[in-house]
Structure formats: C-alpha cells, structure tokens
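Enquirer: Following this line is query_4.pdb, made up of PDB, C-alpha atoms:
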ATOM      1  CA  MET S 984      94.557  58.352 120.658
ATOM      2  CA  SER S 985      97.629  60.500 120.972
ATOM      3  CA  PRO S 986      97.699  63.483 118.590
ATOM      4  CA  ALA S 987     101.261  62.573 117.679
ATOM      5  CA  ALA S 988     100.205  59.125 116.467
ATOM      6  CA  HIS S 989      99.071  60.434 113.084
ATOM      7  CA  PRO S 990     101.335  63.273 111.950
ATOM      8  CA  HIS S 991     100.096  65.563 109.209
ATOM      9  CA  PRO S 992     101.293  64.258 105.815
ATOM     10  CA  ASP S 993     103.102  67.505 105.061
ATOM     11  CA  SER S 994     104.837  67.723 108.424
ATOM     12  CA  ASP S 995     108.317  66.696 109.518
ATOM     13  CA  SER S 996     107.751  63.790 111.912
ATOM     14  CA  SER S 997     111.298  63.775 113.283
ATOM     15  CA  PRO S 998     111.790  64.710 116.943
ATOM     16  CA  GLU S 999     113.969  67.625 115.878
ATOM     17  CA  ALA S1000     110.903  69.302 114.320
ATOM     18  CA  GLY S1001     109.645  70.172 117.804
ATOM     19  CA  ASP S1002     106.388  68.240 117.637
ATOM     20  CA  SER S1003     106.061  68.066 121.395
ATOM     21  CA  ALA S1004     105.944  71.854 121.601
ATOM     22  CA  HIS S1005     102.789  71.915 119.470
ATOM     23  CA  PRO S1006     100.481  69.153 120.746
ATOM     24  CA  HIS S1007      97.656  70.156 118.362
ATOM     25  CA  SER S1008      99.721  70.950 115.296
ATOM     26  CA  HIS S1009      99.529  67.448 113.831
ATOM     27  CA  ALA S1010      96.097  66.296 114.963
ATOM     28  CA  GLU S1011      94.119  64.837 112.108
ATOM     29  CA  SER S1012      90.546  63.993 112.992
ATOM     30  CA  PRO S1013      87.165  64.710 111.411
ATOM     31  CA  GLY S1014      86.550  68.433 111.523
ATOM     32  CA  ALA S1015      90.163  69.243 112.445
ATOM     33  CA  ARG S1016      91.541  72.508 111.112
ATOM     34  CA  PRO S1017      94.434  72.415 108.623
ATOM     35  CA  VAL S1018      97.924  72.749 110.016
ATOM     36  CA  THR S1019      99.203  76.315 110.077
ATOM     37  CA  GLU S1020     102.762  76.922 111.207
ATOM     38  CA  ALA S1021     103.931  80.336 112.405
ATOM     39  CA  GLY S1022     105.774  82.214 109.701
ATOM     40  CA  ALA S1023     104.554  79.886 106.958
ATOM     41  CA  GLY S1024     102.104  82.375 105.359
ATOM     42  CA  PHE S1025      98.404  82.988 105.657
ATOM     43  CA  HIS S1026      97.185  79.690 104.165
ATOM     44  CA  PRO S1027     100.066  77.205 104.021
ATOM     45  CA  HIS S1028      97.628  74.283 103.704
ATOM     46  CA  LEU S1029      96.578  75.546 100.255
ATOM     47  CA  PRO S1030      98.551  74.273  97.270
ATOM     48  CA  ASP S1031     101.274  76.557  95.985
ATOM     49  CA  ARG S1032     100.464  78.337  92.731
ATOM     50  CA  GLN S1033     103.532  77.968  90.617
ATOM     51  CA  ALA S1034     102.197  79.651  87.478
ATOM     52  CA  PRO S1035     103.411  83.259  87.331
ATOM     53  CA  ALA S1036     100.625  85.837  87.483
ATOM     54  CA  ALA S1037     100.161  88.388  84.744
ATOM     55  CA  PRO S1038     102.113  91.579  85.550
ATOM     56  CA  LEU S1039      99.022  93.715  86.271
ATOM     57  CA  ALA S1040      97.461  91.006  88.448
ATOM     58  CA  ALA S1041     100.561  90.293  90.501
ATOM     59  CA  ARG S1042     100.603  93.468  92.587
ATOM     60  CA  LEU S1043      98.406  96.071  94.275
ATOM     61  CA  HIS S1044      97.624  99.267  92.384
ATOM     62  CA  HIS S1045      97.453 102.747  93.907
ATOM     63  CA  ILE S1046      95.421 105.153  91.809
ATOM     64  CA  ARG S1047      95.980 108.677  93.070
ATOM     65  CA  ALA S1048      93.209 111.258  93.023
ATOM     66  CA  GLY S1049      94.977 113.259  90.333
ATOM     67  CA  ALA S1050      95.543 110.237  88.100
ATOM     68  CA  LEU S1051      91.927 109.397  87.216
ATOM     69  CA  ASP S1052      91.370 108.686  83.522
ATOM     70  CA  GLY S1053      88.784 110.774  81.633
ATOM     71  CA  ASP S1054      89.097 108.546  78.571
ATOM     72  CA  THR S1055      86.004 106.475  79.379
ATOM     73  CA  ALA S1056      82.373 106.275  78.241
ATOM     74  CA  GLN S1057      80.580 109.590  78.735
ATOM     75  CA  THR S1058      77.048 110.974  78.951
ATOM     76  CA  GLY S1059      76.066 114.556  78.193
ATOM     77  CA  GLY S1060      75.775 116.811  81.251
ATOM     78  CA  MET S1061      78.299 114.924  83.363
ATOM     79  CA  ARG S1062      81.935 113.853  83.327
ATOM     80  CA  ARG S1063      83.183 110.372  84.238
ATOM     81  CA  PHE S1064      86.705 109.482  85.378
ATOM     82  CA  ALA S1065      87.944 105.880  85.587
ATOM     83  CA  ALA S1066      90.055 104.774  88.534
ATOM     84  CA  VAL S1067      89.836 100.971  88.393
ATOM     85  CA  SER S1068      89.258  99.390  84.985
ATOM     86  CA  GLY S1069      90.674  96.855  82.591
ATOM     87  CA  GLN S1070      92.598  99.655  80.911
ATOM     88  CA  THR S1071      94.008 101.272  84.043
ATOM     89  CA  VAL S1072      94.852  98.268  86.256
ATOM     90  CA  GLY S1073      93.832  95.142  84.334
ATOM     91  CA  SER S1074      90.651  94.447  86.322
ATOM     92  CA  GLU S1075      88.461  91.758  84.769
ATOM     93  CA  LYS S1076      85.141  91.995  86.647
ATOM     94  CA  LEU S1077      84.979  95.505  88.069
ATOM     95  CA  TRP S1078      84.952  99.142  86.980
ATOM     96  CA  MET S1079      85.193 101.954  89.513
ATOM     97  CA  GLY S1080      85.520 105.686  89.179
ATOM     98  CA  GLN S1081      84.013 109.111  89.783
ATOM     99  CA  THR S1082      81.262 111.110  88.152
ATOM    100  CA  HIS S1083      81.049 114.901  88.401
ATOM    101  CA  VAL S1084      77.782 116.714  87.646
ATOM    102  CA  ALA S1085      78.155 120.477  87.324
ATOM    103  CA  PRO S1086      75.799 122.857  89.175
ATOM    104  CA  ALA S1087      72.321 123.261  87.679
ATOM    105  CA  THR S1088      72.968 120.415  85.224
ATOM    106  CA  SER S1089      71.124 117.261  84.199
ATOM    107  CA  SER S1090      72.675 114.275  82.463
ATOM    108  CA  SER S1091      71.226 112.647  79.389
ATOM    109  CA  ASP S1092      68.981 109.634  79.911
ATOM    110  CA  HIS S1093      71.022 106.423  79.774
ATOM    111  CA  HIS S1094      71.494 102.904  81.136
ATOM    112  CA  HIS S1095      74.538 100.735  81.804
ATOM    113  CA  GLY S1096      73.720  97.588  79.863
ATOM    114  CA  GLU S1097      74.330  94.366  81.783
ATOM    115  CA  SER S1098      76.283  96.153  84.529
ATOM    116  CA  GLU S1099      75.033  96.362  88.055
ATOM    117  CA  THR S1100      75.955  99.826  89.314
ATOM    118  CA  ALA S1101      76.509 101.004  92.886
ATOM    119  CA  ILE S1102      76.800 104.732  93.546
ATOM    120  CA  TYR S1103      78.161 106.489  96.642
ATOM    121  CA  VAL S1104      77.473 110.212  97.034
ATOM    122  CA  VAL S1105      80.668 112.052  98.018
ATOM    123  CA  SER S1106      79.449 115.640  97.847
ATOM    124  CA  GLY S1107      76.500 117.708  96.706
ATOM    125  CA  HIS S1108      72.874 116.623  96.480
ATOM    126  CA  PRO S1109      72.401 114.763  93.188
ATOM    127  CA  VAL S1110      68.961 113.534  92.195
ATOM    128  CA  PHE S1111      68.560 110.175  90.446
ATOM    129  CA  VAL S1112      65.542 109.958  88.153
ATOM    130  CA  PHE S1113      64.004 106.823  86.649
ATOM    131  CA  ALA S1114      60.658 105.602  85.316
ATOM    132  CA  ASP S1115      59.101 103.076  87.705
ATOM    133  CA  ALA S1116      56.716 100.727  85.886
ATOM    134  CA  SER S1117      56.406  98.192  88.712
ATOM    135  CA  ALA S1118      52.778  99.204  89.360
ATOM    136  CA  GLY S1119      51.729  99.305  85.695
ATOM    137  CA  GLU S1120      51.951 102.651  83.923
ATOM    138  CA  PRO S1121      55.495 104.097  84.122
ATOM    139  CA  GLU S1122      55.785 106.922  86.618
ATOM    140  CA  GLU S1123      58.786 109.208  87.040
ATOM    141  CA  VAL S1124      60.489 108.794  90.414
ATOM    142  CA  ARG S1125      63.077 111.216  91.813
ATOM    143  CA  LEU S1126      65.526 109.997  94.474
ATOM    144  CA  GLU S1127      67.046 112.997  96.268
ATOM    145  CA  THR S1128      70.383 112.175  97.895
ATOM    146  CA  GLY S1129      73.122 113.693 100.013
ATOM    147  CA  PRO S1130      76.699 112.904 101.067
ATOM    148  CA  GLY S1131      77.043 109.380 102.454
ATOM    149  CA  ASP S1132      74.001 108.003 100.603
ATOM    150  CA  TYR S1133      74.127 105.011  98.246
ATOM    151  CA  ILE S1134      72.131 104.213  95.104
ATOM    152  CA  PHE S1135      71.852 100.840  93.350
ATOM    153  CA  VAL S1136      71.048 100.790  89.618
ATOM    154  CA  PRO S1137      70.057  97.364  88.231
ATOM    155  CA  PRO S1138      71.127  96.362  84.699
ATOM    156  CA  PHE S1139      69.337  97.994  81.742
ATOM    157  CA  VAL S1140      67.303 100.460  83.878
ATOM    158  CA  PRO S1141      67.071 103.873  82.145
ATOM    159  CA  HIS S1142      67.874 106.788  84.459
ATOM    160  CA  ARG S1143      69.565 110.164  84.655
ATOM    161  CA  GLU S1144      71.430 112.215  87.231
ATOM    162  CA  GLU S1145      70.491 115.799  88.016
ATOM    163  CA  ASN S1146      72.230 118.416  90.123
ATOM    164  CA  PRO S1147      69.670 121.083  91.034
ATOM    165  CA  ASP S1148      72.113 123.069  93.171
ATOM    166  CA  PRO S1149      72.984 126.319  91.354
ATOM    167  CA  ASP S1150      76.429 126.624  92.962
ATOM    168  CA  VAL S1151      77.836 123.274  94.113
ATOM    169  CA  GLU S1152      79.118 120.427  91.930
ATOM    170  CA  ALA S1153      77.871 116.931  92.773
ATOM    171  CA  VAL S1154      80.506 114.179  92.964
ATOM    172  CA  VAL S1155      79.772 110.456  93.260
ATOM    173  CA  VAL S1156      81.897 107.305  93.280
ATOM    174  CA  ILE S1157      80.649 104.536  91.001
ATOM    175  CA  ALA S1158      81.368 100.790  91.013
ATOM    176  CA  ARG S1159      80.158  98.534  88.196
ATOM    177  CA  SER S1160      80.181  94.782  87.765
ATOM    178  CA  THR S1161      81.826  94.883  84.342
ATOM    179  CA  GLN S1162      85.411  95.467  83.314
ATOM    180  CA  GLU S1163      84.696  98.717  81.476
ATOM    181  CA  ALA S1164      82.088 101.437  81.826
ATOM    182  CA  ILE S1165      79.053 100.520  79.708
ATOM    183  CA  VAL S1166      76.956 103.568  78.864
ATOM    184  CA  VAL S1167      74.002 103.420  76.474
ATOM    185  CA  ASN S1168      72.659 106.937  75.916
ATOM    186  CA  LEU S1169      68.906 107.130  75.306
ATOM    187  CA  PRO S1170      66.462 109.693  73.893
ATOM    188  CA  SER S1171      64.141 109.230  76.873
ATOM    189  CA  LEU S1172      63.558 107.379  80.125
ATOM    190  CA  TYR S1173      60.600 105.762  78.399
ATOM    191  CA  PRO S1174      61.525 103.265  75.657
ATOM    192  CA  ALA S1175      59.701 103.469  72.324
ATOM    193  CA  GLY S1176      56.331 101.766  72.526
ATOM    194  CA  GLY S1177      56.041 102.436  76.261
ATOM    195  CA  ASP S1178      57.643  99.101  77.183
ATOM    196  CA  ASP S1179      59.888 100.007  80.116
ATOM    197  CA  ASN S1180      62.681  97.474  80.210
TER     198      ASN S1180
END
What's the structure tokens form of this structure?
Expert:
Amino acid sequence: MSPAAHPHPDSDSSPEAGDSAHPHSHAESPGARPVTEAGAGFHPHLPDRQAPAAPLAARLHHIRAGALDGDTAQTGGMRRFAAVSGQTVGSEKLWMGQTHVAPATSSSDHHHGESETAIYVVSGHPVFVFADASAGEPEEVRLETGPGDYIFVPPFVPHREENPDPDVEAVVVIARSTQEAIVVNLPSLYPAGGDDN
C-alpha cells in the first residue's frame, strides 16, 4: 500500500502541499508515529490549548540569588529563604529554596508534615539527626554530609540540622513536594509516649 493512499486527516492532500517530498509524512499504520512538520512546533499532533493560562503559569520565572524571600516558615537555629513557591511564582506542587545554618549552631527539632523533602548540600558540612525506630527502640542517627551530598526526608519524620563547624556557615538547597514550606516545630525528636511517627 502506498503511503500516499491514506493521507493524515490533518494534512493538506493537494499536490501543492509537497507530499511527494515527504514519503513518510502521511503514513498511517498501526504503530506509526504522529505527523510532525518542520516549523510546526514541538508537538503539533497534540490538540491546541485555547484557554489562556494564568499569568504566573504562562511564562518562565528567573529568581535571582539576591531575590530569595525570607518570609517563609522558620525553625530556630537556621534561616530559610524561598525561591520557588506559590507566593513567589505561583507554583502549585513544589516549594524550593535555601537554608542557612550558622557556624556552631543546631536547629530546633521539626518535621515537614506531608511534604517529601529533598536536600542538596551546597557548602559546609551539615549533620542531619533523626531518631530511627525501624529496629524497635528509637536510636539517634547522625548523617554527616558535605558539598554535593543529598538527603531525603520522608513526610512527618522528626529531624534537625546541625552545623558543628565553628567558622563556616552550612548552606543547603531544599525542594519540597508541597506548594509552601510546611514546618512543624517539635520539643523533641521523640514524640510523647515514645511512639516515633
């Protein structure tokens, strides 16, 4: 069967369209790829979205290093700065920013509610402390990190950040799976009653 026998429904089947120059452009068989014409966009086979996007969601956002927003949830002993949030750029499913822990400082114990949290160490050697109850009785675990390391904090897991270095600030980049920074400050890593949640 000739490929030209069944032109794509969205194509111009007239000879002037230059079909003969593209022998595979109008093939329509099981497993065939959608037609993509040069200069027609990345995915011309997808339906056009006519509804106008909300202003914040219709463009890319450049957040400069000096424009981070300190008006976000905080924990004692550290300072958080929002870069990407619902407030700064209109994000709906993601929060991202920086945390600075001063030399010889420890944060308060806290968790981040339902947020999954990913942490990238930019500078310094922060220590992440949590109570591991996976083997029964909770036991304090200290994760010592350095630049280039990553930490994953599951939802509702109590933890704290420490910076044991007496001279150098620790800086990390944080990404969370919620629109805003959720911070629940706690009196201890160990919940009342000893039930580590």
Enquirer: Do you know which residues the PyMOL selection byres ((chain S and resi 1141-1155) around 6) returns on this file, as a list in words?
Expert: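 That selection, the PyMOL selection byres ((chain S and resi 1141-1155) around 6), comes back as Gln1081, Thr1082, His1083, Val1084, Ala1085, Pro1086, Ala1087, Thr1088, Ser1089, Ser1090, Asp1092, His1093, His1094, Tyr1103, Val1104, Val1105, Ser1106, Gly1107, Pro1109, Val1110, Phe1111, Val1112, Phe1113, Val1140, Val1156 and Leu1172 of chain S.
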Enquirer: Give me, as a compact mmCIF listing (two decimals) with C-alpha atoms, in the frame of the given file, all polymer residues having an atom no more than 12 Å from Arg1047 in chain S, counting all atoms listed in the file and skipping those fewer than 2 positions away in the same chain.
Expert:
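Contents of out-v1.txt, as written:
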# COMPACT_ATOMS: atom_id res chain seq x y z
CA HIS S 1044 97.62 99.27 92.38
CA HIS S 1045 97.45 102.75 93.91
CA GLY S 1049 94.98 113.26 90.33
CA ALA S 1050 95.54 110.24 88.10
CA LEU S 1051 91.93 109.40 87.22
CA ASP S 1052 91.37 108.69 83.52
CA ALA S 1065 87.94 105.88 85.59
CA ALA S 1066 90.06 104.77 88.53
CA VAL S 1067 89.84 100.97 88.39
CA THR S 1071 94.01 101.27 84.04
CA GLY S 1080 85.52 105.69 89.18
Enquirer: Kindly give the distance, in Å, that separates CA of Gln1057 in chain S and CA of Met1079 in chain S, rounded to a single decimal.
Expert: 14.0 Å
Enquirer: Please tell me which residues are no farther than 7 Å from (72.5, 96.8, 85.0) in the file, counting all atoms listed in the file, and write them as a list of chain:residue names.
Expert: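 Applying the cut-off with all atoms listed in the file, one gets S:His1095, S:Gly1096, S:Glu1097, S:Ser1098, S:Glu1099, S:Thr1100, S:Val1136, S:Pro1137, S:Pro1138, S:Phe1139, S:Val1140.
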Enquirer: Quick one, how far is CA of Ser1160 in chain S from CA of Leu1077 in chain S?
Expert: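 According to the coordinates, CA of Ser1160 in chain S and CA of Leu1077 in chain S are separated by 4.9 Å.
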Enquirer: Between CA of Ile1102 in chain S and CA of Phe1135 in chain S, what is the spacing in Å?
Expert: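 Calculated distance between CA of Phe1135 in chain S and CA of Ile1102 in chain S is 6.3 Å.
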Enquirer: Counting all atoms listed in the file, figure out which residue out of S:Ile1046, S:His1108, S:Val1166, S:Ala1101 gets nearest to Ser1068 in chain S.
Expert: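 Looking only at the distances to Ser1068 in chain S, the closest residue turns out to be S:Ile1046.
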Enquirer: Could you tell me which of S:Thr1055, S:Ser1091, S:Ser1117, S:Gln1162 comes closest to Lys1076 in chain S if we count only C-alpha atoms?
Expert: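 Residue with the minimum atom-to-atom distance to Lys1076 in chain S: S:Gln1162.
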